[in-house]
Each structure stands twice: as C-alpha cells, then as structure tokens.
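Here is the structure we will look at.
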Amino acid sequence: QVQLVESGGGLVEAGGSLRLSCAASESIFRFKSMGWYRQAPGKQRELVTTITGSGSTYADSVKGRFTISRDIAKNTVYLQMNSLKPEDTAVYYCNADSYFTGPHWGQGTQVTVSS
C-alpha cells in the first residue's frame, strides 16, 4: 500500500510563503506522475500542479507563484508557494499515480492565508 505523508501547511499572511512536502513510501519512479490538489470549503477538489519525468504543469491561478519539485533520493515532492493569497486557502492533498496500483492520496494538510 502506497503511503503519502504531507507536511508543511499552516497559517500565513497574504503575500507570505509556505513549502509543502509529500514523502512517498516507495520510489517515485513507480509513479506516472505526482502532484498537488486542493479543496476549499464548499468547493470541489481542483488540480494545482503535477510533475512527471518530462516536466510540470500548473493551474492558471498559481502560475508564477507556485513551484513543484521533487527529490528522487528522498522520494519526496515539494510545493513551494509564494505570494500567497486568501483564495489559496484550502486543504492541500498530495497525489501519486502509480503505474501498478493507480492513484493514491495523502491525508491532506491545511493552508490558511489571512488577509
């Protein structure tokens, strides 16, 4: 069973930064992609960013502010979030799409941006 453990959420003022981490229980080479989704209260879960061996993609709402990266040796994916806005407030979920067992989710980490 793939396990994804997120960390790094918290409360920050608008304009501030946070870095989220997602540590996988197995090599990230076993995943077609990894990424971050978020879900704000009363809204559907939305894709924020994904990363594969070929590159990364971003939602328009976070382009230029968020950066996804990965440390293969640590089986960890990071989400650096800069210039945070109140509308970025949400629970952020790590996702890993395994070649063998399909998609997996972390437990989520709360990000709250105060105005």
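Naming works like this for the structure tokens: A, B, ... for the chains as they're shown, residue 1 at the start of each chain, ligands 1 onward in shown order.
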
Write out as a PyMOL selection string which residues come within 10 Å of Arg45 in chain A when counting only C-alpha atoms, dropping same-chain ones fewer than 4 positions away.
-> chain A and resi 37-41+90-93

Would you mind reading off the distance between CA of Ile28 in chain A and CA of Gly16 in chain A, one decimal, in Å?
-> 29.2 Å

Identify which of the residues A:Trp105, A:Glu87, A:Tyr78, A:Ala59 lies closest to Gly9 in chain A, counting only C-alpha atoms when measuring atom-to-atom distances.
-> A:Tyr78

Write out as a PDB file with all heavy atoms, in the first residue's frame the residues lying within 7 Å of Lys32 in chain A, counting only C-alpha atoms and excluding same-chain residues fewer than 6 positions away.
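Saved result, around-v9.pdb, follows:
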ATOM      1  N   THR A  52       6.096  15.176 -13.738  1.00  0.00           N
ATOM      2  CA  THR A  52       6.494  13.881 -14.276  1.00  0.00           C
ATOM      3  C   THR A  52       7.979  13.965 -14.624  1.00  0.00           C
ATOM      4  O   THR A  52       8.611  15.008 -14.419  1.00  0.00           O
ATOM      5  CB  THR A  52       5.705  13.535 -15.551  1.00  0.00           C
ATOM      6  OG1 THR A  52       6.119  14.434 -16.603  1.00  0.00           O
ATOM      7  CG2 THR A  52       4.204  13.656 -15.337  1.00  0.00           C
ATOM      8  N   ASP A  97       0.185   8.894  -8.900  1.00  0.00           N
ATOM      9  CA  ASP A  97      -0.485   7.963  -9.817  1.00  0.00           C
ATOM     10  C   ASP A  97       0.487   6.838 -10.153  1.00  0.00           C
ATOM     11  O   ASP A  97       1.398   7.029 -10.958  1.00  0.00           O
ATOM     12  CB  ASP A  97      -0.922   8.704 -11.081  1.00  0.00           C
ATOM     13  CG  ASP A  97      -1.824   7.867 -11.946  1.00  0.00           C
ATOM     14  OD1 ASP A  97      -2.239   6.766 -11.506  1.00  0.00           O
ATOM     15  OD2 ASP A  97      -2.124   8.291 -13.078  1.00  0.00           O
ATOM     16  N   SER A  98       0.286   5.686  -9.518  1.00  0.00           N
ATOM     17  CA  SER A  98       1.201   4.566  -9.670  1.00  0.00           C
ATOM     18  C   SER A  98       0.954   3.818 -10.976  1.00  0.00           C
ATOM     19  O   SER A  98      -0.178   3.632 -11.416  1.00  0.00           O
ATOM     20  CB  SER A  98       1.036   3.594  -8.500  1.00  0.00           C
ATOM     21  OG  SER A  98       1.733   2.390  -8.735  1.00  0.00           O
ATOM     22  N   TYR A  99       2.064   3.382 -11.593  1.00  0.00           N
ATOM     23  CA  TYR A  99       1.953   2.522 -12.779  1.00  0.00           C
ATOM     24  C   TYR A  99       1.253   1.207 -12.439  1.00  0.00           C
ATOM     25  O   TYR A  99       0.662   0.559 -13.297  1.00  0.00           O
ATOM     26  CB  TYR A  99       3.341   2.187 -13.330  1.00  0.00           C
ATOM     27  CG  TYR A  99       4.021   3.313 -14.070  1.00  0.00           C
ATOM     28  CD1 TYR A  99       5.059   4.027 -13.482  1.00  0.00           C
ATOM     29  CD2 TYR A  99       3.636   3.661 -15.364  1.00  0.00           C
ATOM     30  CE1 TYR A  99       5.693   5.056 -14.161  1.00  0.00           C
ATOM     31  CE2 TYR A  99       4.263   4.683 -16.047  1.00  0.00           C
ATOM     32  CZ  TYR A  99       5.294   5.373 -15.443  1.00  0.00           C
ATOM     33  OH  TYR A  99       5.925   6.382 -16.123  1.00  0.00           O
TER      34      TYR A  99
END

Can you check which residues of range 31-100 of chain A DSSP gives as helix (DSSP H, G or I) on the backbone and send them as a PyMOL selection string?
-> chain A and resi 72-74+86-88

Close residues, range 79-82 of chain A itself excluded, 9 Å, only C-alpha atoms, min 5 positions apart in chain, as an mmCIF file with N, CA, C and O atoms, in the first residue's frame:
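After the write, around_24.cif holds the following:
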data_model
loop_
_atom_site.group_PDB
_atom_site.id
_atom_site.type_symbol
_atom_site.label_atom_id
_atom_site.label_comp_id
_atom_site.auth_asym_id
_atom_site.auth_seq_id
_atom_site.Cartn_x
_atom_site.Cartn_y
_atom_site.Cartn_z
ATOM 1 N N GLY A 15 0.664 37.315 0.914
ATOM 2 C CA GLY A 15 1.977 37.717 0.446
ATOM 3 C C GLY A 15 3.106 36.850 0.971
ATOM 4 O O GLY A 15 4.250 36.955 0.489
ATOM 5 N N GLY A 16 2.798 36.005 1.915
ATOM 6 C CA GLY A 16 3.803 35.135 2.510
ATOM 7 C C GLY A 16 4.040 33.873 1.707
ATOM 8 O O GLY A 16 3.484 33.693 0.616
ATOM 9 N N SER A 17 4.865 32.997 2.280
ATOM 10 C CA SER A 17 5.255 31.759 1.595
ATOM 11 C C SER A 17 5.126 30.559 2.524
ATOM 12 O O SER A 17 5.236 30.692 3.748
ATOM 13 N N LEU A 18 4.904 29.419 1.911
ATOM 14 C CA LEU A 18 4.922 28.143 2.606
ATOM 15 C C LEU A 18 5.505 27.101 1.665
ATOM 16 O O LEU A 18 5.403 27.241 0.441
ATOM 17 N N ARG A 19 6.088 26.070 2.228
ATOM 18 C CA ARG A 19 6.538 24.933 1.429
ATOM 19 C C ARG A 19 5.915 23.661 1.975
ATOM 20 O O ARG A 19 6.106 23.322 3.145
ATOM 21 N N LEU A 20 5.205 22.979 1.120
ATOM 22 C CA LEU A 20 4.611 21.696 1.464
ATOM 23 C C LEU A 20 5.528 20.569 1.012
ATOM 24 O O LEU A 20 6.200 20.684 -0.015
ATOM 25 N N SER A 21 5.523 19.487 1.775
ATOM 26 C CA SER A 21 6.289 18.297 1.419
ATOM 27 C C SER A 21 5.362 17.096 1.368
ATOM 28 O O SER A 21 4.397 17.017 2.128
ATOM 29 N N CYS A 22 5.688 16.167 0.496
ATOM 30 C CA CYS A 22 4.938 14.919 0.382
ATOM 31 C C CYS A 22 5.951 13.793 0.252
ATOM 32 O O CYS A 22 6.609 13.670 -0.790
ATOM 33 N N GLY A 35 1.530 14.985 -7.828
ATOM 34 C CA GLY A 35 1.013 16.338 -7.900
ATOM 35 C C GLY A 35 0.320 16.767 -6.626
ATOM 36 O O GLY A 35 0.286 16.032 -5.634
ATOM 37 N N TRP A 36 -0.207 17.978 -6.706
ATOM 38 C CA TRP A 36 -0.940 18.556 -5.578
ATOM 39 C C TRP A 36 -2.313 19.014 -6.066
ATOM 40 O O TRP A 36 -2.430 19.633 -7.133
ATOM 41 N N THR A 49 -1.059 21.383 -9.447
ATOM 42 C CA THR A 49 0.164 21.181 -10.215
ATOM 43 C C THR A 49 0.516 19.696 -10.252
ATOM 44 O O THR A 49 0.166 18.952 -9.347
ATOM 45 N N VAL A 62 -2.182 29.617 -10.206
ATOM 46 C CA VAL A 62 -0.963 29.567 -9.386
ATOM 47 C C VAL A 62 0.313 29.755 -10.200
ATOM 48 O O VAL A 62 1.406 29.806 -9.637
ATOM 49 N N GLY A 64 3.450 31.086 -11.844
ATOM 50 C CA GLY A 64 4.325 32.184 -11.469
ATOM 51 C C GLY A 64 4.465 32.377 -9.969
ATOM 52 O O GLY A 64 5.317 33.143 -9.520
ATOM 53 N N ARG A 65 3.622 31.688 -9.197
ATOM 54 C CA ARG A 65 3.682 31.817 -7.731
ATOM 55 C C ARG A 65 4.076 30.503 -7.057
ATOM 56 O O ARG A 65 4.750 30.512 -6.032
ATOM 57 N N PHE A 66 3.623 29.394 -7.608
ATOM 58 C CA PHE A 66 3.890 28.076 -7.020
ATOM 59 C C PHE A 66 4.903 27.331 -7.882
ATOM 60 O O PHE A 66 4.908 27.461 -9.113
ATOM 61 N N THR A 67 5.727 26.521 -7.222
ATOM 62 C CA THR A 67 6.699 25.691 -7.931
ATOM 63 C C THR A 67 6.720 24.297 -7.332
ATOM 64 O O THR A 67 6.871 24.146 -6.120
ATOM 65 N N ILE A 68 6.551 23.303 -8.184
ATOM 66 C CA ILE A 68 6.645 21.907 -7.741
ATOM 67 C C ILE A 68 8.035 21.390 -8.077
ATOM 68 O O ILE A 68 8.612 21.740 -9.112
ATOM 69 N N SER A 69 8.559 20.563 -7.183
ATOM 70 C CA SER A 69 9.859 19.956 -7.419
ATOM 71 C C SER A 69 9.891 18.595 -6.741
ATOM 72 O O SER A 69 8.989 18.268 -5.967
ATOM 73 N N ARG A 70 10.908 17.822 -7.041
ATOM 74 C CA ARG A 70 10.991 16.503 -6.415
ATOM 75 C C ARG A 70 12.432 16.169 -6.085
ATOM 76 O O ARG A 70 13.353 16.605 -6.787
#

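If you look at CA of Ser33 in chain A and CA of Thr50 in chain A, they are 6.6 Å away from each other.
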
Using only C-alpha atoms, find the one residue out of A:Met34, A:Gln3, A:Ser115, A:Gly108 that sits nearest to Ser56 in chain A.
->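 Once distances to Ser56 in chain A are computed over only C-alpha atoms, the minimum belongs to A:Met34.
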
Rank A:Gly42, A:Glu26, A:Val111, A:Lys63 by their smallest atom-to-atom distance to Glu13 in chain A, using only C-alpha atoms, and report the top residue only.
->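 When distances to Glu13 in chain A are compared using only C-alpha atoms, the smallest one comes from A:Val111.
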